[in-house]
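Everything below concerns the one structure shown next.
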Amino acid sequence: MHRAVEEGRLRKLVLASPTVAGDDVASRIDVRAIAWRGAQGLSFCAHHATRDVTRNLALVEGLAHVEGLIEGYAHAHLHVLDGEAELRRSRRGRYGLTRRMPDVARAERVRDAEGAPEPGLARHDRIKRRWVDVGRPWLVDLGVTDAEARVIPSMARKWKQIDKFVEIVDHAIGTSPLRDRGLVRVVDFGAGKGYLTFAVHDHLVRVLGREAHVLGVERRSALVDAAEATARRHGMQGLQFVAGDITSAPLDASDVVIALHACDTATDEALHRGVRAGAAILIASPCCHQQLRPQILPPALLKPMLRHGIHLGQEAEMVTDALRALLLEREGYATRVFEFVSLEHTSKNKMILAVRREDPVDRAALDAEITALESFYGVREQRLQTLLAA
């Protein structure tokens with residue numbers, strides 16, 4: 001394991017089948033490599049009957065801790081990029097070591113940035129990386145997986161959304177001023193049951209080894225109570241759910257602000273609050289674009305196309321989100337508008353991702369683009385622009 005960590009090949013180590021009993025003995029311990037305080041480290045997640053306990057250690061201390069733990073477990077399963085090794089101890093105290101290089105490990109090893117397989121491995125044989133561990137116990141409480149860590153068929157689309165969202169958050173953090181930050185503060189407006197809120201907290205703490213303060217804001221008190229109970233049951237420190245909405249929730253200082261499926265100008269309210277809070281990352285998935293549609297005066301060239309209501313609605317949606325992106329760029333963010341997940345998984349699949357830039361922007365040039373776009377379509381007022389001006 002020492003060599004796997006040093007060479008960056010460690011996927012995880014699983015310790016199972018404890019040899020002693022007791023309330024303080026975990027039934028399973030997952031160990032993963034992380035970046036810890038600017039250096040290599042190990043993250044330990046101990047699974048107990050009613051809670052999970054996560055502990056992060058520096059590399060040397062972590063490896064010594066592993067050696068001490070192995071004595072208390074009859075099964076140690078090491079997963080590395082190019083194979084697996086299992087150490088088992090029988091009831092008589094005899095040890096058996098099995099090594100193998102399964103297809104999954106081989107597929108993981110040959111995957112590259114373009115997704116090109118190595119000779120002899122067909123493209124359809126490649127294994128897609130998952131960003132959320134399907135074995136996480138909170139997924140069971142939220143109804144995404146069953147007790148055997150299998151995704152419930154009716155929740156397959158939701159599972160893909162959760163996994164894709166964590167991937168987006170991970171990449172955004174890596175390209176933002178938060179990449180070396182020890183503490184990350186997140187606010188998720190409209191958290192609902194907390195699928196994404198739990199996933200973001202889990203990824204920050206368990207995978208990235210950060211201290212995380214994650215707040216899920218939801219209007220429906222029953223969902224807040226259920227999410228709070230799940231977070232407490234699994235010992236997820238720094239994760240909290242409160243009843244409220246975009247305009248009333250506390251947002252003194254936040255690093256990441258999330259607002260998925262906020263209706264119409266509620267998206268603008270959330271983006272504005274994120275900008276004013278100094279957030280490094282803003283993530284929104286807009287829906288119900290209503291404000292601009294009655295304002296749009298179709299330019300002469302586009303009248304034959306925009307006389308159809310469906311086209312006018314689509315054009316109003318594009319203009320709204322294009323203006324939002326330009327306004328955020330003017331506030332110092334690098335902004336992208338893209339498809340979140342495939343339409344087969346959700347019809348609300350557009351996402352605005354804004355990451356705080358560390359270089360200056362040309363505000364005058366962006367102002368000119370905003371004015372030209374509004375003039376072309378006859379837009380008189382856009383909510384985010386009004387809020388930022390005020």
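Just so we're on the same page: first chain in the structure tokens is A, next is B, and so on; residues restart at 1 for each chain, and ligands are numbered from 1 in the order they show up.
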
Subject >> DSSP-assigned alpha helix (DSSP H) among range 145-279 of chain A, expressed as an NGL selection string >> reply: :A and (156-174 or 195-202 or 221-233 or 266-276)

Original post:
Any idea what's packed within 8 Å of range 150-163 of chain A, counting only C-alpha atoms, ignoring anything in its chain fewer than 4 positions away? Could you give it as a ChimeraX atom specification?
Top reply: /A:130-132,134-135,143-146,167,195-196,199,341,345-346

Residues just named, written with C-alpha atoms as a short mmCIF file (atom, residue, chain, number, x, y, z; two decimals), in the first residue's frame:
data_model
loop_
_atom_site.label_atom_id
_atom_site.label_comp_id
_atom_site.auth_asym_id
_atom_site.auth_seq_id
_atom_site.Cartn_x
_atom_site.Cartn_y
_atom_site.Cartn_z
CA ARG A 130 -18.04 7.49 -10.84
CA TRP A 131 -17.60 10.52 -8.60
CA VAL A 132 -19.95 9.36 -5.83
CA VAL A 134 -22.54 4.06 -4.49
CA GLY A 135 -21.87 2.46 -1.11
CA GLY A 143 -33.94 6.21 -1.41
CA VAL A 144 -31.30 6.17 -4.15
CA THR A 145 -29.76 2.79 -3.31
CA ASP A 146 -30.84 -0.31 -1.43
CA GLU A 167 -17.98 15.94 -11.16
CA TYR A 195 -29.51 14.66 -2.88
CA LEU A 196 -26.90 17.12 -4.16
CA ALA A 199 -23.17 14.55 -2.22
CA VAL A 341 -27.13 15.99 -18.24
CA HIS A 345 -32.56 12.19 -17.69
CA THR A 346 -34.22 15.58 -17.11
#

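Counting only C-alpha atoms, the residue from A:His311, A:Arg273, A:Arg219, A:Arg91 that sits nearest to Pro298 in chain A is A:His311.
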
Original post:
Hey, which of A:Ser43, A:Thr54, A:Gln295, A:Asn349 ends up closest to Ala26 in chain A? Count only C-alpha atoms.
Top reply: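 Of A:Ser43, A:Thr54, A:Gln295, A:Asn349, the one nearest Ala26 in chain A, counting only C-alpha atoms, is A:Thr54.
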
Original post:
Can you list, as number ranges by chain, every protein, DNA or RNA residue that comes within 12 Å of Pro177 in chain A when you count only C-alpha atoms, leaving out same-chain residues fewer than 2 positions away?
Top reply: A: 172-175, 179-184, 255-256, 278-281, 333, 355-359

Original post:
Of the candidates A:Arg185, A:His289, A:His261, A:His234, which shows the shortest atom-to-atom distance to Cys45 in chain A, using only C-alpha atoms?
Top reply: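 Of all the options, A:His234 lies closest to Cys45 in chain A.
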
Original post:
Hey, which of A:Ile283, A:Ala334, A:Gln290, A:Ala49 ends up closest to Lys350 in chain A? Count only C-alpha atoms.
Top reply: A:Ile283

**OP:** Please identify all polymer residues within 12 Å of Ala266 in chain A, counting only C-alpha atoms, omitting same-chain residues fewer than 2 positions from it, and present them as a ChimeraX atom specification.
**Re:** /A:189-190,245-247,259-264,268-273,284-291,383-384,387

Original post:
Restricting the calculation to only C-alpha atoms, which member of A:Gly209, A:Leu139, A:Arg94, A:Ser221 is positioned closest to Val31 in chain A?
Top reply: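 For Val31 in chain A, the nearest of the candidates is A:Gly209.
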
**OP:** Tell me which protein, DNA and RNA residues are within 12 Å of Gly22 in chain A, counting only C-alpha atoms, leaving out same-chain ones fewer than 5 positions away, and put them as a PyMOL selection string.
**Re:** chain A and resi 27+48-49+72

Original post:
Out of range 6-222 of chain A, which residues get strand (DSSP E) from DSSP, as a ChimeraX atom specification?
Top reply: /A:10-18,28-36,39-47,52-58,73-80,83-89,95-100,183-189,211-218

Original post:
What is the CA of Met305 in chain A-CA of Leu323 in chain A distance in Å, reported with one decimal?
Top reply: 21.1 Å
